[in-house]
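Below is one structure, written out as structure tokens; the observations come after it.
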Amino acid sequence: MRNWHMLSSMALSLVLSLSGCTLQGETRPTVMKLSEPTANAVDGDMAESGVIDLAAKSGHDADSLGLPSGKAGQCTFTLEVPKASAQAERDHLYSLLAMSVVRHDWQWPEETRGHNIGSVLVKNGTGEVVYYARNSNRVLTNGSQHGEVRLVTNFLKCEGEGSYLKDYTLYTTLEPCIMCAGMLTMTQVSRVVYVQKDPAYGDTQEAIVNAGYPICYPEASVNSTFKQRLEADFELWRERTGQNSITRWLLGDSAKAVYIEAEDKLNAYLSGQEALLFPENATVLKQISDFLFIKDEVGRVIGKNVLPEHFGEELAVQCPTGKFKAEH
């Protein structure tokens with residue numbers, strides 16, 4: 001779904017402020033609004049939703065920005081909502097899955113794959129989990145190989161896929177960096193949900209919007225107890241060590257303990273020990289189970305689908321068809 005479709009589904013009401021934005025010597029207004037409650041986060045209170053009128057910001061009309069007529073260049077880039085919604089619970093479940101994917105291939109400081117950050121991609125509508133990836137910048141000696149970059153570039157190579165992610169939601173364990181946010185913007189992902197905020201290098205989607213780029217993706221963060229613990233423990237580590245590297249902290253025992261508990265929580269949902277608030281999300285649990293496990297003809301688990309990170313042509317096995325596109 002295109003990001004402007006999401007705008008049409010939201011009741012945006014109260015104008016909060018008009019702030020000046022200087023572009024090429026001119027000062028033009030940036031419009032910020034407050035949304036009505038929508039369904040995108042877990043355990044969160046009503047929160048501000050940023051909406052920027054990009055046409056006014058850049059001094060151009062919607063047509064010259066390449067936006068559909070009548071959309072006025074507005075871009076909603078943050079969404080947070082109350083916990084009492086089926087969508088909030090779905091976001092919670094898929095975020096637990098992203099944490100479980102990272103836990104399946106946990107790295108210690110002396111190991112060489114990369115950082116403990118990973119993502120899963122979910123098809124809008126069906127809820128099918130179609131791809132996953134983890135940070136692999138060390139093993140590939142390539143600083144661009146973040147989890148989101150690896151997921152998007154390899155998934156778009158899959159047979160039958162197009163060039164964009166308009167019909168997909170990405171769930172990631174850490175707020176995307178500026179490189180990943182730019183790539184997700186360019187590939188027009190419909191929505192991004194992250195677990196842990198990066199206090200030093202976050203707010204990247206807002207930065208892209210404030211730069212006047214004509215499109216953006218809505219971004220939300222689940223506010224689960226796992227998120228709260230990760231962020232609180234990282235702050236304590238920063239205060240104690242004077243260091244600011246969230247990726248270094250994510251290689252430690254404190255972070256791993258939270259990821260183990262998150263995986264245990266997901267397994268409790270899958271086994272029925274933890275009850276869903278919204279019974280319709282049983283289909284989400286089935287999608288997650290089908291993604292995680294290999295099953296026989298009667299549904300018995302006989303193996304795991306999620307393995308340590310693949311590389312090269314082996315990545316094709318993660319595609320829905322098991323194949324990459326033919327090269328021309």
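The way I read the labels, and the way they are meant: chains A, B, ... in the order of the structure tokens, residue 1 as the first residue of every chain, and ligand 1 as the first ligand shown, with later ones counted on from there.
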Cut-off 12 Å: closest stretch 93-142 of chain A/stretch 273-282 of chain A atom pairs per residue, using only C-alpha atoms, as a tab-separated table:
```
residue	atom	partner	partner_atom	distance
A:Leu93	CA	A:Asn281	CA	9.1
A:Tyr94	CA	A:Asn281	CA	11.0
A:Thr126	CA	A:Asn281	CA	11.6
A:Gly127	CA	A:Asn281	CA	9.9
```
Those selected residues, please, written with N, CA, C and O atoms and delivered as a PDB file, in the first residue's frame.
```pdb
ATOM      1  N   LEU A  93       3.649  -9.432  17.624  1.00  0.00           N
ATOM      2  CA  LEU A  93       4.014 -10.806  17.274  1.00  0.00           C
ATOM      3  C   LEU A  93       5.122 -10.836  16.226  1.00  0.00           C
ATOM      4  O   LEU A  93       6.100 -11.598  16.357  1.00  0.00           O
ATOM      5  N   TYR A  94       4.991 -10.024  15.197  1.00  0.00           N
ATOM      6  CA  TYR A  94       6.018 -10.015  14.154  1.00  0.00           C
ATOM      7  C   TYR A  94       7.337  -9.436  14.667  1.00  0.00           C
ATOM      8  O   TYR A  94       8.415  -9.831  14.201  1.00  0.00           O
ATOM      9  N   THR A 126      -2.056 -10.803   3.436  1.00  0.00           N
ATOM     10  CA  THR A 126      -1.993 -12.225   3.795  1.00  0.00           C
ATOM     11  C   THR A 126      -1.274 -12.452   5.122  1.00  0.00           C
ATOM     12  O   THR A 126      -1.521 -13.443   5.800  1.00  0.00           O
ATOM     13  N   GLY A 127      -0.350 -11.552   5.483  1.00  0.00           N
ATOM     14  CA  GLY A 127       0.439 -11.733   6.690  1.00  0.00           C
ATOM     15  C   GLY A 127       1.568 -12.732   6.543  1.00  0.00           C
ATOM     16  O   GLY A 127       2.235 -13.081   7.524  1.00  0.00           O
TER      17      GLY A 127
END
```
*Which polymer residues have any atom within 10 Å of an atom of A:Lys265, counting only C-alpha atoms, with same-chain residues fewer than 4 positions away left out, as a ChimeraX atom specification?*
/A:93,96-97,100,259-261,269-271,273-274
*asked:* Nearest residue to A:Ser224 out of A:Ala268, A:Leu184, A:Leu236, A:Ala88, using only C-alpha atoms?
replied: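 Distance minimum relative to A:Ser224 lands on A:Ala88.
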*Report the distance between atom CA of A:Leu292 and atom CA of A:Arg248 in Å, rounded to one decimal place.*
27.5 Å
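For the set A:Asn137, A:Thr173, A:Gln205, A:Asn305, the residue with the smallest atom-to-atom gap to A:Met186 is A:Gln205, counting only C-alpha atoms.
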